[in-house]
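Structure first, commentary second.
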Amino acid sequence: MIEVAHQTNSEAIHPGYGFLSENPEFAKQCEKENLIFIGPKHDVIAKMANKKEAKEIAKRAGVPCLPGYSIKKSDNLDVIIHAAERIGYPIMIKATAGGGGKGMREIKNRKSLENDLNLAKSESLAAFGSSEVILERAITYSRHIEVQVFGDQKGNLIHLGERDCSIQRRNQKIVEESPAPSISKSLRNQLYSEAIKLTKAINYTNAGTVEFLVDENEKPYFLEMNTRLQVEHAVTELVTGLDLVEMQLRVADGQQLSINQKEVSLSGHAIEVRLYAEDPRNDFLPSSGILNMWKFSDSKYIRVDSGVLEGQNISPLYDPMLAKIIACKSNRKESILELKKFLSDFSVSGIKNNRDLLIDILRQKDFLSAKLSTSFLNEVYPEGIKFKGAKAKDFAVAAALFYESGFNTIQEKKSLIPKKLKNWSNLDYLRKIINLEFLGKIRQTYISPLDTSYYEVNVDKQKFKVAFMNKKIVVDGSNFSFVSFSQISNQLTLIKKDSSLDFSSVESPENFVSEISDGVIQSPIHGNIVDICFKIDQRVKAGDTLAILEAMKMQHEILATENGTIKIINCTIGSQVAAGEILIKIETEK
């Protein structure tokens, strides 16, 4: 990158908000090469990037911090167990050099400490080049609120309000909003004061974010400082009317901040949701593949920040975020309605994604009443993320779409019936059975063409008449409500206002079931095998970790589903595996 900067006669490098944005060595190298790094000085980045050192700085500045322990290389497991007990469960294990939920685990009791500690260290090493971690007390009920700060090279420091980022999965944000709803004026002012106090202590310049956890008594604790532009900076831009990137460029050029603290004002309410390529129904496992459909309408109240295009291959090697979608209107209620409407008309298919979850969150009573916390998803969805299933009518429409698209073209050609004769008595010969798989279950549909683009479909002894008329789908004489659909080969996604239904056409239920026999362990996603925990002929119990798979910078445990003995291992450490690939075969105990 530095070489390209010189080749193009560039004077500065903007690192964005990923990869090199919080890398002190890169910032230092830019300074050596007479290039302006658009961000703080490298020594400030280094101090605040290390959670251990950042907490010490915060304590010296008088900013409240949670009790914790910095694990030393010489510490054995007994020392770490004792430290955890002294802090008190639940605790958090955090990578000292990282963020974004990577290298982070919540430990509720002693039983899982050793395993999660090793996972956190491994994940931290893979993501940040360091396996150093710290222990910190976890607050059972907390809100995650951050303050946007800005400093220039003249010593001026201001804040640009706060953002609530409490709704998270895997300790990574999925909903952010500004201003933070339902907090007292005194808490808001304290957050501003603590943030400015910390940034003054380190002579901070450029854009940064000071993050806090706030307990149920509105007591804030310093969490970390991000020495870069945040993913969610657009939320602040929309309520302040300021261009934060422009401000970064001007400050890096040595200019004084164009506004002072008294001139900063917030107007309206902005809410951002992050659209991810992941499966909320399956513990948020990341998804990769071809983005078959990517369509949305423009709205003057909506901002979409994205770097993907329809037809693009979504790689398993990077963060799974597809887009940031931000609504901003005069108040929170109006912004929620605008965002919900936009998402309901958004079409995305080809990969698993969290669109339906985002829509559902925006409808929840706790969200509407601003009852927010970092445990929001666990409280609202205690039995996991579940959405509306497909109804018999949906199966009928899916079967008709498969038939209409020519899924059975080969069989039709074999019948040698010209299209113009299809409306005659031999139409009955074209009856087909289409087996549709949805969420692992198969339903058999019987379909008969009645006329051009007009079908009778039998699903579980229920009969539906499905017609395709221009861009409409009519079922039993009434319009079928949908947004769009996308079909590639035997995969079809039917997108409705509140749900995306993924159907697969399979040869027969018997064949489908027999493909996966007892004791066969498949890879749930595309990724890289970083560890194999057992050897051939070793006994395992259900729930044992068989292997560790890394995808999109996160590590996932592959667990045994039954008791038995390992007979075949089809993968090696370092090998790339595809979703559905058989990794291990276990001879199960009868």
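So you can find residues: chains in the structure tokens are A, B, ... in the order shown, residues in each start at 1, and ligands are numbered from 1 in order.
Within region 286-429 of chain A, the backbone-based DSSP assignment of strand (DSSP E or B) covers Pro286, Gly289, Ile290, Met293, Trp294, Lys295, Ile302, Arg303, Val304, Asp305, Ser306, Asn313, Ile314, Met321, Leu322, Ala323, Lys324, Ile325, Ile326, Ala327, Cys328, Lys329, Ser347, Val348 and Ser349 of chain A.
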Taking N, CA and C atoms for each residue, export the selection above as a PDB file, in the first residue's frame.
ATOM      1  N   PRO A 286     -21.308 -18.053   9.701  1.00  0.00           N
ATOM      2  CA  PRO A 286     -21.173 -17.249   8.474  1.00  0.00           C
ATOM      3  C   PRO A 286     -21.487 -18.057   7.230  1.00  0.00           C
ATOM      4  N   GLY A 289     -20.725 -17.761  -0.709  1.00  0.00           N
ATOM      5  CA  GLY A 289     -21.287 -18.229  -1.973  1.00  0.00           C
ATOM      6  C   GLY A 289     -21.641 -17.067  -2.875  1.00  0.00           C
ATOM      7  N   ILE A 290     -22.439 -17.347  -3.894  1.00  0.00           N
ATOM      8  CA  ILE A 290     -22.804 -16.330  -4.875  1.00  0.00           C
ATOM      9  C   ILE A 290     -24.035 -15.549  -4.405  1.00  0.00           C
ATOM     10  N   MET A 293     -29.208 -12.501  -5.686  1.00  0.00           N
ATOM     11  CA  MET A 293     -30.098 -11.340  -5.791  1.00  0.00           C
ATOM     12  C   MET A 293     -29.714 -10.296  -4.765  1.00  0.00           C
ATOM     13  N   TRP A 294     -29.681  -9.041  -5.203  1.00  0.00           N
ATOM     14  CA  TRP A 294     -29.320  -7.914  -4.340  1.00  0.00           C
ATOM     15  C   TRP A 294     -30.045  -6.685  -4.888  1.00  0.00           C
ATOM     16  N   LYS A 295     -31.264  -6.461  -4.380  1.00  0.00           N
ATOM     17  CA  LYS A 295     -32.093  -5.386  -4.922  1.00  0.00           C
ATOM     18  C   LYS A 295     -32.764  -4.614  -3.796  1.00  0.00           C
ATOM     19  N   ILE A 302     -33.148   6.852   3.892  1.00  0.00           N
ATOM     20  CA  ILE A 302     -32.310   5.672   4.102  1.00  0.00           C
ATOM     21  C   ILE A 302     -30.951   5.862   3.442  1.00  0.00           C
ATOM     22  N   ARG A 303     -29.926   5.479   4.163  1.00  0.00           N
ATOM     23  CA  ARG A 303     -28.563   5.457   3.613  1.00  0.00           C
ATOM     24  C   ARG A 303     -28.078   4.017   3.635  1.00  0.00           C
ATOM     25  N   VAL A 304     -27.548   3.552   2.504  1.00  0.00           N
ATOM     26  CA  VAL A 304     -27.005   2.199   2.408  1.00  0.00           C
ATOM     27  C   VAL A 304     -25.517   2.294   2.087  1.00  0.00           C
ATOM     28  N   ASP A 305     -24.691   1.788   2.982  1.00  0.00           N
ATOM     29  CA  ASP A 305     -23.250   1.708   2.748  1.00  0.00           C
ATOM     30  C   ASP A 305     -22.914   0.246   2.494  1.00  0.00           C
ATOM     31  N   SER A 306     -22.468  -0.063   1.285  1.00  0.00           N
ATOM     32  CA  SER A 306     -22.198  -1.461   0.943  1.00  0.00           C
ATOM     33  C   SER A 306     -21.101  -1.533  -0.105  1.00  0.00           C
ATOM     34  N   ASN A 313     -19.201 -13.167  -5.599  1.00  0.00           N
ATOM     35  CA  ASN A 313     -18.902 -14.290  -4.707  1.00  0.00           C
ATOM     36  C   ASN A 313     -18.530 -13.745  -3.331  1.00  0.00           C
ATOM     37  N   ILE A 314     -19.290 -14.114  -2.315  1.00  0.00           N
ATOM     38  CA  ILE A 314     -19.007 -13.681  -0.944  1.00  0.00           C
ATOM     39  C   ILE A 314     -18.012 -14.673  -0.345  1.00  0.00           C
ATOM     40  N   MET A 321     -20.050  -8.967   6.903  1.00  0.00           N
ATOM     41  CA  MET A 321     -20.974  -7.853   6.721  1.00  0.00           C
ATOM     42  C   MET A 321     -21.165  -7.527   5.240  1.00  0.00           C
ATOM     43  N   LEU A 322     -22.436  -7.478   4.813  1.00  0.00           N
ATOM     44  CA  LEU A 322     -22.787  -7.154   3.429  1.00  0.00           C
ATOM     45  C   LEU A 322     -23.101  -5.671   3.268  1.00  0.00           C
ATOM     46  N   ALA A 323     -23.753  -5.082   4.256  1.00  0.00           N
ATOM     47  CA  ALA A 323     -24.153  -3.680   4.143  1.00  0.00           C
ATOM     48  C   ALA A 323     -24.505  -3.109   5.496  1.00  0.00           C
ATOM     49  N   LYS A 324     -24.420  -1.785   5.583  1.00  0.00           N
ATOM     50  CA  LYS A 324     -24.961  -1.030   6.718  1.00  0.00           C
ATOM     51  C   LYS A 324     -26.146  -0.244   6.175  1.00  0.00           C
ATOM     52  N   ILE A 325     -27.282  -0.379   6.839  1.00  0.00           N
ATOM     53  CA  ILE A 325     -28.498   0.301   6.390  1.00  0.00           C
ATOM     54  C   ILE A 325     -28.949   1.229   7.506  1.00  0.00           C
ATOM     55  N   ILE A 326     -29.018   2.521   7.206  1.00  0.00           N
ATOM     56  CA  ILE A 326     -29.283   3.524   8.245  1.00  0.00           C
ATOM     57  C   ILE A 326     -30.513   4.347   7.892  1.00  0.00           C
ATOM     58  N   ALA A 327     -31.429   4.462   8.833  1.00  0.00           N
ATOM     59  CA  ALA A 327     -32.602   5.325   8.680  1.00  0.00           C
ATOM     60  C   ALA A 327     -32.458   6.513   9.608  1.00  0.00           C
ATOM     61  N   CYS A 328     -32.872   7.682   9.135  1.00  0.00           N
ATOM     62  CA  CYS A 328     -32.837   8.871   9.999  1.00  0.00           C
ATOM     63  C   CYS A 328     -34.062   9.737   9.713  1.00  0.00           C
ATOM     64  N   LYS A 329     -34.898   9.882  10.754  1.00  0.00           N
ATOM     65  CA  LYS A 329     -36.060  10.767  10.652  1.00  0.00           C
ATOM     66  C   LYS A 329     -36.135  11.606  11.931  1.00  0.00           C
ATOM     67  N   SER A 347     -34.429  -7.283  -1.245  1.00  0.00           N
ATOM     68  CA  SER A 347     -34.296  -8.659  -1.764  1.00  0.00           C
ATOM     69  C   SER A 347     -32.838  -9.079  -1.771  1.00  0.00           C
ATOM     70  N   VAL A 348     -32.529 -10.125  -1.010  1.00  0.00           N
ATOM     71  CA  VAL A 348     -31.181 -10.690  -0.988  1.00  0.00           C
ATOM     72  C   VAL A 348     -31.314 -12.206  -0.933  1.00  0.00           C
ATOM     73  N   SER A 349     -30.583 -12.905  -1.808  1.00  0.00           N
ATOM     74  CA  SER A 349     -30.646 -14.365  -1.829  1.00  0.00           C
ATOM     75  C   SER A 349     -29.341 -14.938  -2.348  1.00  0.00           C
TER      76      SER A 349
END
Please identify every residue of region 453-475 of chain A that has at least one atom no farther than 12 Å from an atom of region 430-439 of chain A, counting only C-alpha atoms, and for each give the shortest atom pair and the distance in Å to one decimal, arranged by chain then increasing number, as a tab-separated table.
residue	atom	partner	partner_atom	distance
A:Tyr455	CA	A:Arg431	CA	9.8
A:Glu456	CA	A:Arg431	CA	9.5
A:Val457	CA	A:Ile433	CA	9.6
A:Asn458	CA	A:Ile433	CA	9.5
A:Val459	CA	A:Ile434	CA	10.2
A:Asp460	CA	A:Asn435	CA	11.8
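Minimum distance to Leu119 (chain A) across A:Ile582, A:Ala195, A:Val530, A:Ala234 (counting only C-alpha atoms) occurs at A:Val530.
Of the listed residues (A:Gly527, A:Gly389, A:Gly307, A:Pro316), A:Gly389 comes nearest to Gly440 (chain A); the distances count only C-alpha atoms.
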**Point-to-point distance in Å for CA of Lys55 (chain A) and CA of Asn206 (chain A)** = 20.7 Å
**Request:** With a distance cut-off of 8 Å and only C-alpha atoms, select the neighbouring residues of Lys200 (chain A), excluding the residue or stretch itself and same-chain residues fewer than 4 positions from it, and output the selection as a PyMOL selection string.
**Result:** chain A and resi 157+196+204
**Message:** With only C-alpha atoms as the counted atoms, please give the residues lying no more than 6 Å from region 124-136 of chain A, apart from itself and same-chain residues fewer than 6 positions off, as a ChimeraX atom specification.
**Reply:** /A:68-71,91-96,103
Suppose we keep C-alpha atoms; can you now write the selection as a PDB file, in the first residue's frame?
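The resulting file, again-v9.pdb, is reproduced below:
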ATOM      1  CA  GLY A  68     -10.107  -7.900  35.873  1.00  0.00           C
ATOM      2  CA  TYR A  69      -6.811  -9.743  35.526  1.00  0.00           C
ATOM      3  CA  SER A  70      -4.106  -9.688  32.851  1.00  0.00           C
ATOM      4  CA  ILE A  71      -2.925 -13.226  32.164  1.00  0.00           C
ATOM      5  CA  ILE A  91     -16.309 -13.340  33.387  1.00  0.00           C
ATOM      6  CA  MET A  92     -15.183 -12.305  29.926  1.00  0.00           C
ATOM      7  CA  ILE A  93     -12.012 -13.501  28.221  1.00  0.00           C
ATOM      8  CA  LYS A  94     -10.803 -10.831  25.791  1.00  0.00           C
ATOM      9  CA  ALA A  95      -7.933 -10.613  23.328  1.00  0.00           C
ATOM     10  CA  THR A  96      -5.742  -7.741  24.480  1.00  0.00           C
ATOM     11  CA  GLY A 103     -10.864 -13.641  20.660  1.00  0.00           C
TER      12      GLY A 103
END
**Nearest residue to Leu20 (chain A) from the set A:Lys393, A:Arg228, A:Lys102, A:Arg60 (distances using only C-alpha atoms)** = A:Arg228
Listing only residues of region 267-371 of chain A within 8 Å of region 239-247 of chain A, what is the closest atom pair and its distance in Å (to one decimal) for each, using only C-alpha atoms, sorted by chain and residue number ascending, as CSV?
residue,atom,partner,partner_atom,distance
A:Ser267,CA,A:Val239,CA,5.1
A:Gly268,CA,A:Val239,CA,5.8
A:His269,CA,A:Val239,CA,6.3
A:Ala270,CA,A:Val239,CA,6.4
A:Cys328,CA,A:Val239,CA,7.6
Just write the chosen residues, N, CA and C atoms, as a PDB file, in the first residue's frame.
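As written to disk, selection-v5.pdb reads:
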ATOM      1  N   SER A 267     -29.749  16.347  15.892  1.00  0.00           N
ATOM      2  CA  SER A 267     -31.101  16.571  15.402  1.00  0.00           C
ATOM      3  C   SER A 267     -31.648  15.284  14.795  1.00  0.00           C
ATOM      4  N   GLY A 268     -32.846  14.887  15.225  1.00  0.00           N
ATOM      5  CA  GLY A 268     -33.451  13.663  14.700  1.00  0.00           C
ATOM      6  C   GLY A 268     -32.942  12.423  15.411  1.00  0.00           C
ATOM      7  N   HIS A 269     -33.259  11.271  14.837  1.00  0.00           N
ATOM      8  CA  HIS A 269     -32.827   9.996  15.423  1.00  0.00           C
ATOM      9  C   HIS A 269     -32.412   9.061  14.294  1.00  0.00           C
ATOM     10  N   ALA A 270     -31.218   8.497  14.410  1.00  0.00           N
ATOM     11  CA  ALA A 270     -30.686   7.596  13.381  1.00  0.00           C
ATOM     12  C   ALA A 270     -30.521   6.193  13.946  1.00  0.00           C
ATOM     13  N   CYS A 328     -32.872   7.682   9.135  1.00  0.00           N
ATOM     14  CA  CYS A 328     -32.837   8.871   9.999  1.00  0.00           C
ATOM     15  C   CYS A 328     -34.062   9.737   9.713  1.00  0.00           C
TER      16      CYS A 328
END
**Complete:** As a check of understanding: the span from CA of Gln491 (chain A) to CA of Ile447 (chain A) is 18.0 Å
**Asked** Which polymer residues have any atom within 8 Å of an atom of region 566-576 of chain A, counting only C-alpha atoms, with same-chain residues fewer than 3 positions away left out, as a list in words?
**Response** His526, Gly527, Asn528, Ile529, Val530, Asp531, Ile532, Phe534, Lys535, Ile536, Asp537, Gln538, Arg539, Val540, Ile582, Leu583, Ile584, Lys585, Ile586 and Glu587 of chain A
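In terms of minimum interatomic distance to Ile183 (chain A), A:Glu216 ranks closest within A:Glu3, A:Glu216, A:Asp152, A:Glu550, counting only C-alpha atoms.
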**Asked** Nearest to Ser288 (chain A): which of A:Asn353, A:Arg332, A:Tyr403, A:Asp345 is it, counting only C-alpha atoms?
**Response** A:Asn353
**Request:** State, in Å with one decimal place, the distance from CA of Leu223 (chain A) to CA of Cys65 (chain A).
**Result:** 7.3 Å
**Request:** Would you return as a PyMOL selection string the members of region 313-543 of chain A that DSSP assigns to helix (DSSP H, G or I) on this structure's backbone?
**Result:** chain A and resi 332-344+355-363+365-368+376-380+392-404+409-415+419-421+425-430+509-515
Could you give me, as a tab-separated table, every region 212-241 of chain A residue with an atom at most 12 Å from region 33-54 of chain A, plus its closest atom pair and distance in Å to one decimal, counting only C-alpha atoms, rows ordered by chain then number?
residue	atom	partner	partner_atom	distance
A:Phe222	CA	A:Ala54	CA	9.4
A:Leu223	CA	A:Lys51	CA	8.5
A:Glu224	CA	A:Lys51	CA	6.7
A:Met225	CA	A:Met48	CA	6.1
A:Asn226	CA	A:Ala49	CA	7.4
A:Thr227	CA	A:Ile45	CA	6.1
A:Arg228	CA	A:Gly39	CA	6.4
A:Leu229	CA	A:Gly39	CA	8.4
A:Gln230	CA	A:Gly39	CA	12.0
Selected residues written out with C-alpha atoms, as a PDB file, in the first residue's frame:
ATOM      1  CA  PHE A 222     -14.670   1.902  30.451  1.00  0.00           C
ATOM      2  CA  LEU A 223     -14.646  -0.922  27.920  1.00  0.00           C
ATOM      3  CA  GLU A 224     -12.151   0.059  25.231  1.00  0.00           C
ATOM      4  CA  MET A 225     -11.152   2.801  22.823  1.00  0.00           C
ATOM      5  CA  ASN A 226     -11.230   2.367  19.065  1.00  0.00           C
ATOM      6  CA  THR A 227      -8.606   4.611  17.533  1.00  0.00           C
ATOM      7  CA  ARG A 228     -10.258   4.789  14.140  1.00  0.00           C
ATOM      8  CA  LEU A 229     -13.429   5.614  12.298  1.00  0.00           C
ATOM      9  CA  GLN A 230     -16.149   3.204  13.422  1.00  0.00           C
TER      10      GLN A 230
END
**Asked** Pick the closest to Asp279 (chain A) from A:Arg250, A:Arg363, A:Arg355, A:Lys496: which is it, counting only C-alpha atoms?
**Response** A:Arg355
